[in-house]
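Working notes, beginning with the structure itself.
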Amino acid sequence: MIKSGVSAKPASTRFAENRLRSRTAAKAATSEAWYMRVTSIALIPLSIGFVWLILSLSGKDYAAARLELGRPVPAILMLLFLLAGIIHMKIGMQSIIEDYVHATHWKEGALMSNLFFSILIGVACVYAVLKLSFA
Amino acid sequence: MAGVDLYQSGAGQHRPLSPHLQIYRPLLTMMMSIAHRITGAALYFGTLLLVWYLIAAASGPSSFATAAWFLRSILGQLILLGFTWALFHHLLGGIRHMIWDAGYGFAHPVREWLAQATFIGGLFLTIIVWGAAYLIL
């Protein structure tokens with residue numbers, strides 16, 4: 001069976017194709033779509049676990065909350081929830097910005113702010129969880 | 001092409017768009033679609049509350065007391081209630097999108113049923129969780 005695709009073409013067109021592919025408009029959309037689906041699936045159990053954790057934390061005082069968040073299962077659950085959630089929310093907000101913000105500089109600024117906000121929230125929350133676990 | 005502002009918003013020239021909101025009757029599926037986006041954005045900004053709580057817990061008793069005070073206040077409880085509903089609504093909406101990704105649920109009665117189930121399910125789960133929270137405490 002003849003395999004269609006890049007390997008079937010002669011060398012003379014293969015390299016030109018590879019050069020062209022990096023210059024098309026479809027850059028990150030495929031990988032982002034995939035990450036959205038993977039994080040969505042991961043977030044189904046992780047969100048349920050997160051809600052369970054928040055329920056167990058509600059009403060707890062300072063010492064009890066710190067103790068709970070520092071234990072392995074809640075801490076790992078929170079870290080995984082943050083990992084999947086931050087990636088998910090970054091790509092999601094990016095879609096919103098790409099749909100509605102078009103003016104020059106506003107679009108780039110908004111996309112950058114989204115990236116920075118997501119990373120900031122992620123790093124801050126991970127820091128807090130790690131501090132509660134190890135300090 | 002780099003310097004061209006295609007929407008020419010500075011010059012005041014706006015190219016016409018085909019009408020959308022002005023002409024479509026609001027259907028449940030349409031409303032659920034934009035609600036999915038709005039709940040997603042609400043959750044995005046809601047993470048600020050989570051980071052406040054976690055950093056406060058990791059910092060010291062006084063910062064934790066401030067965060068806990070706010071979360072227990074009426075405004076805080078309202079925000080948490082809204083956040084819970086947004087979470088469940090977006091979660092069920094996400095499952096609905098996954099059903100679509102698998103290729104099911106596009107035909108006429110099913111898509112309406114899915115939209116209704118998502119909406120009612122979101123409310124139901126919110127009430128269950130908040131009922132449980134108030135029963136525990």
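Chain labels A, B, ... are given in the sequence in which chains occur in the structure tokens; within each chain residues are numbered consecutively from 1, and ligands are likewise numbered from 1 in the order shown.
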
Quick one: which residues from chain B are at most 10 Å off chain A, using only C-alpha atoms, as an mmCIF file with N, CA and C atoms, in the first residue's frame?
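Saved to out-v8.cif:
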data_model
loop_
_atom_site.group_PDB
_atom_site.id
_atom_site.type_symbol
_atom_site.label_atom_id
_atom_site.label_comp_id
_atom_site.auth_asym_id
_atom_site.auth_seq_id
_atom_site.Cartn_x
_atom_site.Cartn_y
_atom_site.Cartn_z
ATOM 1 N N GLY B 3 2.510 46.716 9.464
ATOM 2 C CA GLY B 3 2.045 47.978 10.038
ATOM 3 C C GLY B 3 0.590 48.285 9.771
ATOM 4 N N VAL B 4 -0.098 47.435 9.015
ATOM 5 C CA VAL B 4 -1.473 47.764 8.611
ATOM 6 C C VAL B 4 -2.458 47.361 9.704
ATOM 7 N N ASP B 5 -3.281 48.315 10.137
ATOM 8 C CA ASP B 5 -4.327 48.029 11.112
ATOM 9 C C ASP B 5 -5.586 47.710 10.329
ATOM 10 N N LEU B 6 -5.901 46.438 10.203
ATOM 11 C CA LEU B 6 -6.968 46.040 9.289
ATOM 12 C C LEU B 6 -8.329 46.593 9.683
ATOM 13 N N TYR B 7 -8.522 46.868 10.963
ATOM 14 C CA TYR B 7 -9.824 47.368 11.369
ATOM 15 C C TYR B 7 -9.861 48.889 11.376
ATOM 16 N N GLN B 8 -8.679 49.477 11.163
ATOM 17 C CA GLN B 8 -8.554 50.932 11.027
ATOM 18 C C GLN B 8 -9.369 51.668 12.069
ATOM 19 N N SER B 9 -9.250 51.172 13.313
ATOM 20 C CA SER B 9 -10.095 51.758 14.350
ATOM 21 C C SER B 9 -9.664 53.190 14.635
ATOM 22 N N GLY B 10 -8.390 53.498 14.397
ATOM 23 C CA GLY B 10 -7.934 54.867 14.637
ATOM 24 C C GLY B 10 -8.549 55.833 13.637
ATOM 25 N N ARG B 37 -18.975 30.324 27.815
ATOM 26 C CA ARG B 37 -17.847 31.249 27.726
ATOM 27 C C ARG B 37 -17.804 32.173 28.938
ATOM 28 N N ILE B 38 -18.971 32.692 29.337
ATOM 29 C CA ILE B 38 -19.011 33.629 30.462
ATOM 30 C C ILE B 38 -18.625 32.933 31.758
ATOM 31 N N GLY B 40 -16.701 30.406 32.010
ATOM 32 C CA GLY B 40 -15.256 30.184 31.919
ATOM 33 C C GLY B 40 -14.474 31.418 32.315
ATOM 34 N N ALA B 41 -14.902 32.580 31.820
ATOM 35 C CA ALA B 41 -14.224 33.828 32.177
ATOM 36 C C ALA B 41 -14.389 34.123 33.662
ATOM 37 N N LEU B 43 -14.714 31.933 36.074
ATOM 38 C CA LEU B 43 -13.817 31.030 36.796
ATOM 39 C C LEU B 43 -12.372 31.527 36.704
ATOM 40 N N TYR B 44 -12.033 32.048 35.512
ATOM 41 C CA TYR B 44 -10.680 32.587 35.291
ATOM 42 C C TYR B 44 -10.369 33.648 36.333
ATOM 43 N N PHE B 45 -11.287 34.608 36.507
ATOM 44 C CA PHE B 45 -11.022 35.664 37.479
ATOM 45 C C PHE B 45 -11.249 35.175 38.904
ATOM 46 N N THR B 47 -10.058 32.605 40.142
ATOM 47 C CA THR B 47 -8.826 32.044 40.702
ATOM 48 C C THR B 47 -8.111 33.045 41.604
ATOM 49 N N LEU B 48 -8.424 34.321 41.436
ATOM 50 C CA LEU B 48 -7.842 35.331 42.329
ATOM 51 C C LEU B 48 -8.240 35.049 43.775
ATOM 52 N N LEU B 50 -8.952 32.098 44.986
ATOM 53 C CA LEU B 50 -8.225 30.905 45.423
ATOM 54 C C LEU B 50 -6.811 31.260 45.823
ATOM 55 N N VAL B 51 -6.149 32.096 45.011
ATOM 56 C CA VAL B 51 -4.761 32.442 45.309
ATOM 57 C C VAL B 51 -4.698 33.265 46.594
ATOM 58 N N TRP B 52 -5.701 34.099 46.818
ATOM 59 C CA TRP B 52 -5.748 34.869 48.066
ATOM 60 C C TRP B 52 -5.814 33.917 49.269
ATOM 61 N N TYR B 53 -6.726 32.961 49.202
ATOM 62 C CA TYR B 53 -6.900 32.020 50.310
ATOM 63 C C TYR B 53 -5.632 31.205 50.566
ATOM 64 N N LEU B 54 -5.036 30.695 49.489
ATOM 65 C CA LEU B 54 -3.857 29.833 49.649
ATOM 66 C C LEU B 54 -2.655 30.616 50.174
ATOM 67 N N ILE B 55 -2.420 31.795 49.594
ATOM 68 C CA ILE B 55 -1.290 32.602 50.064
ATOM 69 C C ILE B 55 -1.524 33.027 51.508
ATOM 70 N N ALA B 56 -2.764 33.350 51.845
ATOM 71 C CA ALA B 56 -3.074 33.737 53.226
ATOM 72 C C ALA B 56 -2.813 32.590 54.183
ATOM 73 N N ALA B 57 -3.204 31.370 53.780
ATOM 74 C CA ALA B 57 -2.960 30.203 54.634
ATOM 75 C C ALA B 57 -1.469 29.946 54.793
ATOM 76 N N ALA B 58 -0.702 30.235 53.738
ATOM 77 C CA ALA B 58 0.740 29.989 53.792
ATOM 78 C C ALA B 58 1.494 31.108 54.482
ATOM 79 N N SER B 59 0.814 32.258 54.701
ATOM 80 C CA SER B 59 1.540 33.409 55.224
ATOM 81 C C SER B 59 1.495 33.484 56.742
ATOM 82 N N GLY B 60 0.306 33.688 57.302
ATOM 83 C CA GLY B 60 0.259 33.860 58.755
ATOM 84 C C GLY B 60 -1.171 33.963 59.224
ATOM 85 N N PRO B 61 -1.357 33.909 60.536
ATOM 86 C CA PRO B 61 -2.728 33.907 61.086
ATOM 87 C C PRO B 61 -3.532 35.152 60.754
ATOM 88 N N SER B 62 -2.886 36.328 60.728
ATOM 89 C CA SER B 62 -3.664 37.543 60.506
ATOM 90 C C SER B 62 -4.144 37.627 59.058
ATOM 91 N N SER B 63 -3.270 37.262 58.101
ATOM 92 C CA SER B 63 -3.728 37.310 56.696
ATOM 93 C C SER B 63 -4.792 36.250 56.450
ATOM 94 N N PHE B 64 -4.645 35.077 57.104
ATOM 95 C CA PHE B 64 -5.664 34.053 56.961
ATOM 96 C C PHE B 64 -6.978 34.530 57.547
ATOM 97 N N ALA B 65 -6.903 35.233 58.679
ATOM 98 C CA ALA B 65 -8.129 35.716 59.309
ATOM 99 C C ALA B 65 -8.861 36.694 58.394
ATOM 100 N N ALA B 68 -10.395 34.623 55.522
ATOM 101 C CA ALA B 68 -11.522 33.833 56.015
ATOM 102 C C ALA B 68 -12.703 34.735 56.343
ATOM 103 N N LEU B 71 -14.387 35.617 53.077
ATOM 104 C CA LEU B 71 -15.099 34.487 52.485
ATOM 105 C C LEU B 71 -16.355 34.133 53.275
ATOM 106 N N ARG B 72 -16.357 34.462 54.569
ATOM 107 C CA ARG B 72 -17.535 34.171 55.391
ATOM 108 C C ARG B 72 -18.559 35.286 55.332
ATOM 109 N N THR B 84 -19.230 28.539 42.558
ATOM 110 C CA THR B 84 -19.619 27.122 42.542
ATOM 111 C C THR B 84 -20.518 26.824 41.360
ATOM 112 N N LEU B 87 -18.625 26.907 38.181
ATOM 113 C CA LEU B 87 -17.790 25.716 38.037
ATOM 114 C C LEU B 87 -18.609 24.538 37.516
ATOM 115 N N PHE B 88 -19.761 24.282 38.151
ATOM 116 C CA PHE B 88 -20.566 23.121 37.744
ATOM 117 C C PHE B 88 -21.171 23.317 36.370
ATOM 118 N N LEU B 91 -18.422 22.846 33.939
ATOM 119 C CA LEU B 91 -18.005 21.441 33.929
ATOM 120 C C LEU B 91 -18.974 20.608 33.088
ATOM 121 N N LEU B 92 -20.265 20.770 33.357
ATOM 122 C CA LEU B 92 -21.253 20.009 32.591
ATOM 123 C C LEU B 92 -21.266 20.449 31.132
ATOM 124 N N GLY B 94 -18.685 21.482 29.530
ATOM 125 C CA GLY B 94 -17.502 20.853 28.948
ATOM 126 C C GLY B 94 -17.766 19.411 28.565
ATOM 127 N N ILE B 95 -18.513 18.693 29.408
ATOM 128 C CA ILE B 95 -18.877 17.305 29.092
ATOM 129 C C ILE B 95 -19.753 17.279 27.850
ATOM 130 N N HIS B 97 -19.629 19.397 25.417
ATOM 131 C CA HIS B 97 -18.735 19.598 24.286
ATOM 132 C C HIS B 97 -17.999 18.319 23.925
ATOM 133 N N MET B 98 -17.660 17.541 24.964
ATOM 134 C CA MET B 98 -16.961 16.280 24.687
ATOM 135 C C MET B 98 -17.881 15.284 23.998
ATOM 136 N N ASP B 101 -17.770 16.289 20.547
ATOM 137 C CA ASP B 101 -16.512 15.876 19.934
ATOM 138 C C ASP B 101 -16.551 14.420 19.500
ATOM 139 N N VAL B 129 -24.144 20.799 46.752
ATOM 140 C CA VAL B 129 -22.873 21.096 47.427
ATOM 141 C C VAL B 129 -23.073 22.139 48.516
ATOM 142 N N TRP B 130 -23.861 23.160 48.233
ATOM 143 C CA TRP B 130 -24.068 24.194 49.240
ATOM 144 C C TRP B 130 -24.939 23.693 50.381
ATOM 145 N N ALA B 132 -24.894 20.595 51.404
ATOM 146 C CA ALA B 132 -23.974 19.779 52.196
ATOM 147 C C ALA B 132 -23.079 20.666 53.054
ATOM 148 N N ALA B 133 -22.620 21.778 52.489
ATOM 149 C CA ALA B 133 -21.735 22.673 53.246
ATOM 150 C C ALA B 133 -22.441 23.230 54.465
ATOM 151 N N TYR B 134 -23.701 23.629 54.295
ATOM 152 C CA TYR B 134 -24.412 24.202 55.430
ATOM 153 C C TYR B 134 -24.837 23.147 56.434
ATOM 154 N N ILE B 136 -22.957 20.462 57.091
ATOM 155 C CA ILE B 136 -21.746 20.075 57.815
ATOM 156 C C ILE B 136 -21.423 21.100 58.888
ATOM 157 N N LEU B 137 -21.620 22.380 58.567
ATOM 158 C CA LEU B 137 -21.155 23.435 59.469
ATOM 159 C C LEU B 137 -22.190 23.826 60.505
#

Shell around Thr118 in chain B at 7 Å using only C-alpha atoms, local window under 4 positions removed, as a PDB file with N, CA and C atoms, in the first residue's frame:
ATOM      1  N   HIS B  89     -21.623  24.545  36.091  1.00  0.00           N
ATOM      2  CA  HIS B  89     -22.207  24.801  34.785  1.00  0.00           C
ATOM      3  C   HIS B  89     -21.167  24.613  33.689  1.00  0.00           C
ATOM      4  N   LEU B  92     -20.265  20.770  33.357  1.00  0.00           N
ATOM      5  CA  LEU B  92     -21.253  20.009  32.591  1.00  0.00           C
ATOM      6  C   LEU B  92     -21.266  20.449  31.132  1.00  0.00           C
ATOM      7  N   GLY B  93     -21.073  21.752  30.896  1.00  0.00           N
ATOM      8  CA  GLY B  93     -20.984  22.229  29.523  1.00  0.00           C
ATOM      9  C   GLY B  93     -19.798  21.624  28.793  1.00  0.00           C
ATOM     10  N   LEU B 114     -29.722  17.980  25.920  1.00  0.00           N
ATOM     11  CA  LEU B 114     -28.388  18.162  26.489  1.00  0.00           C
ATOM     12  C   LEU B 114     -28.246  19.548  27.101  1.00  0.00           C
ATOM     13  N   GLY B 122     -26.354  21.855  36.484  1.00  0.00           N
ATOM     14  CA  GLY B 122     -25.491  22.833  37.142  1.00  0.00           C
ATOM     15  C   GLY B 122     -26.144  23.401  38.387  1.00  0.00           C
TER      16      GLY B 122
END

*Determine, counting only C-alpha atoms, which protein, DNA and RNA residues have an atom within 8 Å of an atom of Ile87 in chain A; residues of the same chain fewer than 4 positions away are not included. Present the result as a list in words.*
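What passes the distance filter is Tyr35, Met36, Thr39, Leu83, Ile91 and Ser118 of chain A.
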
Let's have the selection written as a JSON list (two decimals), in the first residue's frame, with C-alpha atoms.
[["chain", "number", "residue", "atom", "x", "y", "z"],
["A", 35, "TYR", "CA", -4.37, 20.63, 25.33],
["A", 36, "MET", "CA", -7.92, 21.91, 25.85],
["A", 39, "THR", "CA", -7.08, 19.34, 30.42],
["A", 83, "LEU", "CA", -1.63, 22.41, 36.55],
["A", 91, "ILE", "CA", -6.05, 28.75, 26.42],
["A", 118, "SER", "CA", -2.09, 32.66, 34.23]]

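Going from CA of Ala107 in chain B to CA of Leu28 in chain B covers 14.6 Å.
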